[in-house]
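Peer 1: Structure file protein-v7.txt, compact mmCIF, C-alpha atoms and all ligand atoms, is pasted below:
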```txt
# COMPACT_ATOMS: atom_id res chain seq x y z
CA MET N 1 80.28 131.20 120.20
CA SER N 2 84.04 131.39 119.53
CA ASP N 3 85.37 132.23 116.06
CA VAL N 4 86.64 128.71 115.67
CA ALA N 5 83.28 127.20 116.58
CA ALA N 6 81.51 129.58 114.20
CA ASN N 7 83.95 128.74 111.40
CA LEU N 8 83.45 125.02 111.92
CA GLN N 9 79.70 125.45 111.81
CA ASP N 10 79.88 127.56 108.65
CA ILE N 11 82.21 125.17 106.83
CA LYS N 12 80.10 122.15 107.77
CA ALA N 13 76.99 123.94 106.46
CA ARG N 14 78.78 124.73 103.18
CA ILE N 15 79.91 121.13 102.83
CA LYS N 16 76.36 119.91 103.32
CA LYS N 17 74.93 122.38 100.84
CA ARG N 18 77.50 121.61 98.16
CA ALA N 19 77.19 117.85 98.62
CA GLU N 20 73.41 117.96 98.37
CA LYS N 21 73.50 120.13 95.27
CA TRP N 22 75.80 117.72 93.41
CA GLY N 23 74.34 114.40 94.46
CA GLN N 24 76.96 113.50 97.04
CA ASP N 25 76.05 112.09 100.44
CA PRO N 26 76.85 114.82 103.00
CA ALA N 27 76.97 112.25 105.79
CA LYS N 28 80.01 110.69 104.12
CA VAL N 29 82.10 113.86 104.09
CA SER N 30 84.34 114.58 107.09
CA LEU N 31 86.03 117.85 107.86
CA ILE N 32 89.64 117.51 109.00
CA ALA N 33 90.54 120.61 111.02
CA VAL N 34 94.22 121.13 110.20
CA SER N 35 95.77 122.35 113.45
CA LYS N 36 99.43 122.67 112.41
CA GLN N 37 101.12 125.87 113.64
CA GLN N 38 97.97 126.97 115.44
CA PRO N 39 97.93 128.21 119.03
CA ILE N 40 96.77 125.50 121.39
CA GLU N 41 93.88 127.68 122.61
CA ARG N 42 92.31 127.60 119.15
CA VAL N 43 92.66 123.84 118.97
CA ILE N 44 90.97 123.57 122.35
CA GLU N 45 88.15 125.80 121.11
CA ALA N 46 87.50 123.32 118.35
CA LEU N 47 87.57 120.40 120.78
CA GLU N 48 85.25 122.21 123.18
CA ALA N 49 82.88 122.85 120.28
CA GLY N 50 82.71 119.07 119.86
CA HIS N 51 84.97 118.69 116.84
CA ARG N 52 87.09 115.54 116.86
CA VAL N 53 88.78 115.10 113.48
CA PHE N 54 92.14 116.85 113.14
CA GLY N 55 95.17 116.87 110.86
CA GLU N 56 98.83 117.61 111.46
CA ASN N 57 101.62 117.64 108.92
CA ARG N 58 104.65 117.07 111.15
CA VAL N 59 105.08 114.13 113.47
CA GLN N 60 107.22 116.03 115.94
CA GLU N 61 104.89 119.00 116.22
CA ALA N 62 101.93 116.68 116.72
CA GLN N 63 103.77 114.81 119.47
CA GLY N 64 104.03 118.07 121.38
CA LYS N 65 100.31 118.61 121.75
CA TRP N 66 98.20 115.59 120.85
CA PRO N 67 99.05 112.89 123.40
CA GLU N 68 97.70 115.12 126.16
CA LEU N 69 94.73 116.42 124.17
CA LYS N 70 93.81 112.84 123.24
CA ARG N 71 93.79 111.92 126.92
CA LYS N 72 91.55 114.87 127.76
CA TYR N 73 89.09 114.61 124.88
CA GLU N 74 87.62 111.28 123.97
CA GLY N 75 87.20 110.15 120.40
CA VAL N 76 89.86 112.25 118.66
CA GLU N 77 90.75 111.02 115.17
CA LEU N 78 94.16 112.37 114.19
CA HIS N 79 95.33 112.31 110.56
CA LEU N 80 98.93 112.65 109.40
CA ILE N 81 98.77 114.77 106.25
CA GLY N 82 102.42 115.78 105.84
CA PRO N 83 105.52 114.03 104.51
CA LEU N 84 106.75 111.12 106.60
CA GLN N 85 110.38 110.01 107.04
CA SER N 86 110.92 106.33 107.70
CA ASN N 87 112.83 107.10 110.92
CA LYS N 88 109.58 108.61 112.26
CA ALA N 89 107.41 105.62 111.41
CA LYS N 90 107.36 104.41 115.01
CA GLU N 91 106.06 107.71 116.39
CA ALA N 92 103.61 108.09 113.52
CA VAL N 93 102.07 104.67 114.15
CA GLU N 94 101.87 105.38 117.88
CA LEU N 95 100.13 108.72 117.58
CA PHE N 96 98.07 108.88 114.39
CA ASP N 97 94.74 107.22 113.65
CA VAL N 98 95.08 107.60 109.88
CA ILE N 99 98.25 108.11 107.83
CA GLN N 100 97.44 109.87 104.56
CA THR N 101 100.88 110.38 103.05
CA VAL N 102 102.20 106.96 102.07
CA ASP N 103 103.99 107.61 98.79
CA ARG N 104 106.97 105.29 98.38
CA PRO N 105 107.92 101.67 99.04
CA LYS N 106 110.40 102.53 101.78
CA ILE N 107 107.69 104.25 103.86
CA ALA N 108 105.16 101.51 103.19
CA LYS N 109 107.65 98.94 104.41
CA ALA N 110 108.65 100.93 107.51
CA LEU N 111 105.00 101.49 108.46
CA ALA N 112 104.10 97.85 107.95
CA SER N 113 106.92 96.69 110.16
CA GLU N 114 106.04 99.22 112.89
CA MET N 115 102.36 98.28 112.80
CA GLU N 116 103.27 94.67 113.24
CA LYS N 117 105.57 95.49 116.17
CA GLN N 118 102.93 97.63 117.87
CA GLY N 119 100.05 95.29 117.03
CA LYS N 120 98.14 98.21 115.56
CA ARG N 121 96.66 98.47 112.08
CA VAL N 122 96.47 102.12 111.13
CA PRO N 123 94.43 102.88 107.99
CA VAL N 124 96.50 104.53 105.26
CA TYR N 125 95.96 106.66 102.19
CA ILE N 126 98.27 106.79 99.21
CA GLN N 127 99.36 110.32 98.33
CA VAL N 128 99.36 110.90 94.58
CA ASN N 129 101.43 113.65 92.95
CA ILE N 130 98.38 114.58 90.92
CA GLY N 131 99.92 117.59 89.13
CA ALA N 132 103.21 115.77 88.39
CA GLU N 133 105.07 118.57 90.17
CA PRO N 134 108.75 117.80 90.77
CA GLN N 135 108.85 119.58 94.16
CA LYS N 136 105.77 117.83 95.56
CA SER N 137 105.47 114.59 97.50
CA GLY N 138 103.30 111.78 96.24
CA ILE N 139 103.65 108.75 94.01
CA ALA N 140 103.64 109.46 90.25
CA ILE N 141 100.25 108.86 88.62
CA GLU N 142 101.65 106.16 86.32
CA ASP N 143 103.11 104.26 89.29
CA THR N 144 100.04 104.49 91.50
CA ASP N 145 98.22 101.27 90.52
CA ALA N 146 101.32 99.13 91.08
CA PHE N 147 102.10 100.90 94.35
CA VAL N 148 98.58 100.43 95.70
CA ALA N 149 98.85 96.72 94.87
CA GLU N 150 102.27 96.51 96.55
CA CYS N 151 100.96 98.21 99.71
CA ARG N 152 98.07 95.80 99.88
CA ASP N 153 99.64 92.53 98.78
CA VAL N 154 103.23 92.80 99.94
CA HIS N 155 102.99 95.08 102.96
CA LYS N 156 99.42 94.12 103.96
CA LEU N 157 98.53 97.73 104.69
CA ASP N 158 94.91 98.75 105.15
CA VAL N 159 94.77 101.06 102.12
CA GLN N 160 91.54 103.03 102.31
CA GLY N 161 91.90 105.76 99.75
CA LEU N 162 93.91 108.37 97.90
CA MET N 163 95.06 111.83 98.90
CA CYS N 164 96.25 114.73 96.75
CA ILE N 165 97.24 118.40 96.75
CA PRO N 166 96.59 119.93 93.30
CA PRO N 167 98.93 122.58 91.84
CA VAL N 168 98.22 125.94 93.53
CA GLU N 169 98.05 128.05 90.41
CA GLU N 170 95.51 125.95 88.55
CA GLN N 171 91.82 125.08 88.64
CA PRO N 172 91.59 122.20 91.12
CA ALA N 173 88.46 120.52 89.73
CA PRO N 174 90.08 118.48 86.92
CA TYR N 175 92.64 117.16 89.40
CA PHE N 176 89.89 116.12 91.81
CA VAL N 177 88.15 114.27 88.97
CA LEU N 178 91.40 112.56 88.00
CA LEU N 179 92.07 111.40 91.58
CA GLY N 180 88.57 109.92 91.63
CA LYS N 181 89.24 107.97 88.44
CA ILE N 182 92.49 106.54 89.78
CA ALA N 183 90.70 105.55 92.99
CA VAL N 184 87.85 103.79 91.17
CA ARG N 185 90.16 101.67 89.03
CA ASN N 186 91.97 100.58 92.19
CA GLY N 187 88.79 99.68 94.04
CA LEU N 188 89.22 102.55 96.48
CA GLU N 189 86.40 104.88 97.39
CA LYS N 190 87.76 107.37 99.85
CA LEU N 191 89.32 110.58 98.59
CA SER N 192 91.15 113.11 100.76
CA MET N 193 91.21 116.37 98.83
CA GLY N 194 90.35 120.03 99.17
CA MET N 195 91.78 122.73 101.45
CA SER N 196 90.54 126.14 102.63
CA SER N 197 90.48 127.60 99.12
CA ASP N 198 88.86 124.71 97.28
CA TYR N 199 87.11 122.31 99.68
CA GLU N 200 83.68 123.01 98.21
CA TYR N 201 84.87 121.87 94.79
CA ALA N 202 86.43 118.82 96.39
CA VAL N 203 83.07 117.92 97.97
CA GLN N 204 81.36 118.42 94.63
CA PHE N 205 83.72 115.87 93.07
CA GLY N 206 83.39 113.24 95.75
CA ALA N 207 85.80 114.05 98.62
CA ARG N 208 85.34 111.97 101.76
CA TYR N 209 87.80 114.07 103.70
CA VAL N 210 88.49 117.76 103.21
CA ARG N 211 91.48 119.24 105.04
CA VAL N 212 90.85 122.80 106.18
CA GLY N 213 93.34 124.79 108.26
CA THR N 214 93.15 128.58 107.96
CA GLY N 215 89.44 128.43 107.17
CA VAL N 216 88.82 126.91 110.59
CA PHE N 217 91.51 128.47 112.78
CA GLY N 218 92.65 131.63 110.98
CA ALA N 219 96.18 132.43 109.82
CA ARG N 220 99.01 130.18 110.98
CA SER N 221 101.93 131.48 113.00
CA PRO N 222 105.35 131.02 111.33
CA ARG N 223 107.38 128.00 112.47
C1 LIG H 301 98.31 122.82 105.76
C2 LIG H 301 97.62 121.80 104.96
C3 LIG H 301 96.24 121.89 104.69
C4 LIG H 301 95.37 123.04 105.15
O1 LIG H 301 95.67 124.17 104.41
P1 LIG H 301 94.73 125.49 104.49
O2 LIG H 301 95.00 126.19 103.22
O3 LIG H 301 95.18 126.23 105.70
O4 LIG H 301 93.35 125.02 104.60
C5 LIG H 301 95.66 120.86 103.95
N1 LIG H 301 96.37 119.82 103.50
C6 LIG H 301 97.70 119.70 103.74
C7 LIG H 301 98.42 118.52 103.21
C8 LIG H 301 98.36 120.69 104.46
O5 LIG H 301 99.69 120.55 104.68
```
Would you mind writing the file out in structure tokens?

Peer 2:
Amino acid sequence: MSDVAANLQDIKARIKKRAEKWGQDPAKVSLIAVSKQQPIERVIEALEAGHRVFGENRVQEAQGKWPELKRKYEGVELHLIGPLQSNKAKEAVELFDVIQTVDRPKIAKALASEMEKQGKRVPVYIQVNIGAEPQKSGIAIEDTDAFVAECRDVHKLDVQGLMCIPPVEEQPAPYFVLLGKIAVRNGLEKLSMGMSSDYEYAVQFGARYVRVGTGVFGARSPR
């Protein structure tokens, strides 16, 4: 078995174990293998091992590898997990199966208009700036309820859940709990949270998607 296949198997086993221990349904948790800045051979190893759910954080980088891989491997589900500029909305709607980083009205509007043009309704997540960090993307916590409503009612987006990246230097668990509370009061049940260092905690606190890069593929090459 390749390293990548072994890593996937190990992470999936850990997810299952953690979910079962804390009363979460393991069948509802999906592992997003974050393939940004990874050599194509490693991505192919994951595909050959049967994995189908992947994440990329740049539209342009994803355009370089995924159209062809999607043709070769059936059933790929590609998530956009990085910041989106409105001038890339067209490409994002064409390529991605889920867009997790909707965080401002301008992007919501651009995506809605592209989806209408392309006749394609791509599920979206609202990214919340859960640690209120000035340098991070995401809608402010206090603006989230109104923004979710705007995305649904004005832009008619298929809002499925919330996504966050907690502050690196802190315990992630309280932030995962907080994201869950914001989701519940907005009638959303899907949470995208947890990375290589903290995905087990994220599962414990109800993640539906964990986004794991280095844990699956090893260290990233510099851009
Ligand atoms: C890169 C990235 C990840 C994966 O990070 P690892 O620490 O390598 O697991 C998860 N989420 C987002 C938004 C990312 O940009």

Peer 1: Check the smallest atom-to-atom distance from each of N:Leu47, N:Val124, N:Ile165, N:Ile182 to ligand LIG 301 (chain H) using only C-alpha atoms and all ligand atoms, then report the winner.

Peer 2: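 Of the candidates, the smallest distance to ligand LIG 301 (chain H) is held by N:Ile165.
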
Peer 1: Could you write out as AutoDock Vina command-line options the box around range 215-219 of chain N (axis-aligned, all atoms listed in the file, 3 Å on each side), with centre and edge lengths in Å to one decimal?

Peer 2:
```
--center_x 92.5 --center_y 129.7 --center_z 110.0 --size_x 13.4 --size_y 11.5 --size_z 11.6
```

Peer 1: Taking into account all atoms listed in the file, which residue in the set N:Lys36, N:Lys156, N:Lys17, N:Arg42 is nearest to Val122 in chain N?

Peer 2: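 Smallest distance to Val122 in chain N is found for N:Lys156.
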
Peer 1: Dump as a PyMOL selection string all residues having an atom at most 6 Å from (93.0, 108.7, 98.0), computed in the file's coordinates with only C-alpha atoms.

Peer 2: chain N and resi 125-126+161-163+190-192

Peer 1: Need to verify the contact set: range 142-154 of chain N, 12 Å, all atoms listed in the file, exclusion of same-chain residues closer than 6 positions in sequence. Can you return it as an MDAnalysis selection string?

Peer 2: chainID N and resid 102:113 123:132 160:163 179 181:188

Peer 1: Quick one: distance from CA of Leu178 in chain N to CA of Ser30 in chain N in Å, one decimal?

Peer 2: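 These atoms are spaced 20.5 Å apart.
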
Peer 1: Counting all atoms listed in the file, which of N:Glu77, N:Glu189, N:Glu48, N:Glu68 gets nearest to Ile32 in chain N?

Peer 2: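 Of the candidates, the smallest distance to Ile32 in chain N is held by N:Glu77.
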
Peer 1: Using all atoms listed in the file, which of the listed residues (N:Gly215, N:Lys16, N:Ala140, N:Ala173) sits closest to Lys28 in chain N?

Peer 2: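 That would be N:Lys16, the residue with the smallest distance to Lys28 in chain N.
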
Peer 1: Name the residues, using the chain letters and numbers of the file, that sit within 12 Å of (84.3, 127.7, 119.1) when counting only C-alpha atoms, and give them as a count of residues only.

Peer 2: 23

Peer 1: Which residues of chain N sit at most 9 Å from ligand LIG 301 (chain H), using all atoms listed in the file? Give each one's shortest atom pair and distance in Å (one decimal place), in chain and ascending residue order, as a Markdown table.

Peer 2:
```
| residue | atom | partner | partner_atom | distance |
| --- | --- | --- | --- | --- |
| N:Ile32 | CA | H:LIG301 | C5 | 8.5 |
| N:Ala33 | CA | H:LIG301 | C4 | 8.0 |
| N:Val34 | CA | H:LIG301 | C4 | 5.5 |
| N:Ser35 | CA | H:LIG301 | C1 | 8.1 |
| N:Lys36 | CA | H:LIG301 | C1 | 6.7 |
| N:Gln37 | CA | H:LIG301 | C1 | 8.9 |
| N:Gly55 | CA | H:LIG301 | C5 | 8.0 |
| N:Glu56 | CA | H:LIG301 | O5 | 7.4 |
| N:Asn57 | CA | H:LIG301 | O5 | 5.5 |
| N:Arg58 | CA | H:LIG301 | O5 | 8.9 |
| N:Leu80 | CA | H:LIG301 | C7 | 8.5 |
| N:Ile81 | CA | H:LIG301 | C7 | 4.8 |
| N:Gly82 | CA | H:LIG301 | C7 | 5.5 |
| N:Pro83 | CA | H:LIG301 | C7 | 8.5 |
| N:Gln100 | CA | H:LIG301 | C7 | 8.8 |
| N:Thr101 | CA | H:LIG301 | C7 | 8.5 |
| N:Met163 | CA | H:LIG301 | C7 | 8.6 |
| N:Cys164 | CA | H:LIG301 | C7 | 7.8 |
| N:Ile165 | CA | H:LIG301 | C7 | 6.6 |
| N:Ser192 | CA | H:LIG301 | N1 | 8.9 |
| N:Met193 | CA | H:LIG301 | N1 | 7.8 |
| N:Gly194 | CA | H:LIG301 | C5 | 7.2 |
| N:Met195 | CA | H:LIG301 | O4 | 4.2 |
| N:Ser196 | CA | H:LIG301 | O4 | 3.6 |
| N:Ser197 | CA | H:LIG301 | O2 | 6.3 |
| N:Asp198 | CA | H:LIG301 | O4 | 8.6 |
| N:Tyr199 | CA | H:LIG301 | O4 | 8.4 |
| N:Val210 | CA | H:LIG301 | C5 | 7.8 |
| N:Arg211 | CA | H:LIG301 | C5 | 4.6 |
| N:Val212 | CA | H:LIG301 | O4 | 3.7 |
| N:Gly213 | CA | H:LIG301 | O3 | 3.5 |
| N:Thr214 | CA | H:LIG301 | O3 | 3.8 |
| N:Gly215 | CA | H:LIG301 | O4 | 5.8 |
| N:Val216 | CA | H:LIG301 | O4 | 7.7 |
| N:Phe217 | CA | H:LIG301 | O3 | 8.3 |
| N:Gly218 | CA | H:LIG301 | O3 | 8.0 |
| N:Ala219 | CA | H:LIG301 | O3 | 7.5 |
| N:Arg220 | CA | H:LIG301 | O3 | 7.6 |
```

Peer 1: So, counting only C-alpha atoms, which residue among N:Trp66, N:Phe176, N:Tyr209, N:Tyr73 is closest to Lys12 in chain N?

Peer 2: N:Tyr209
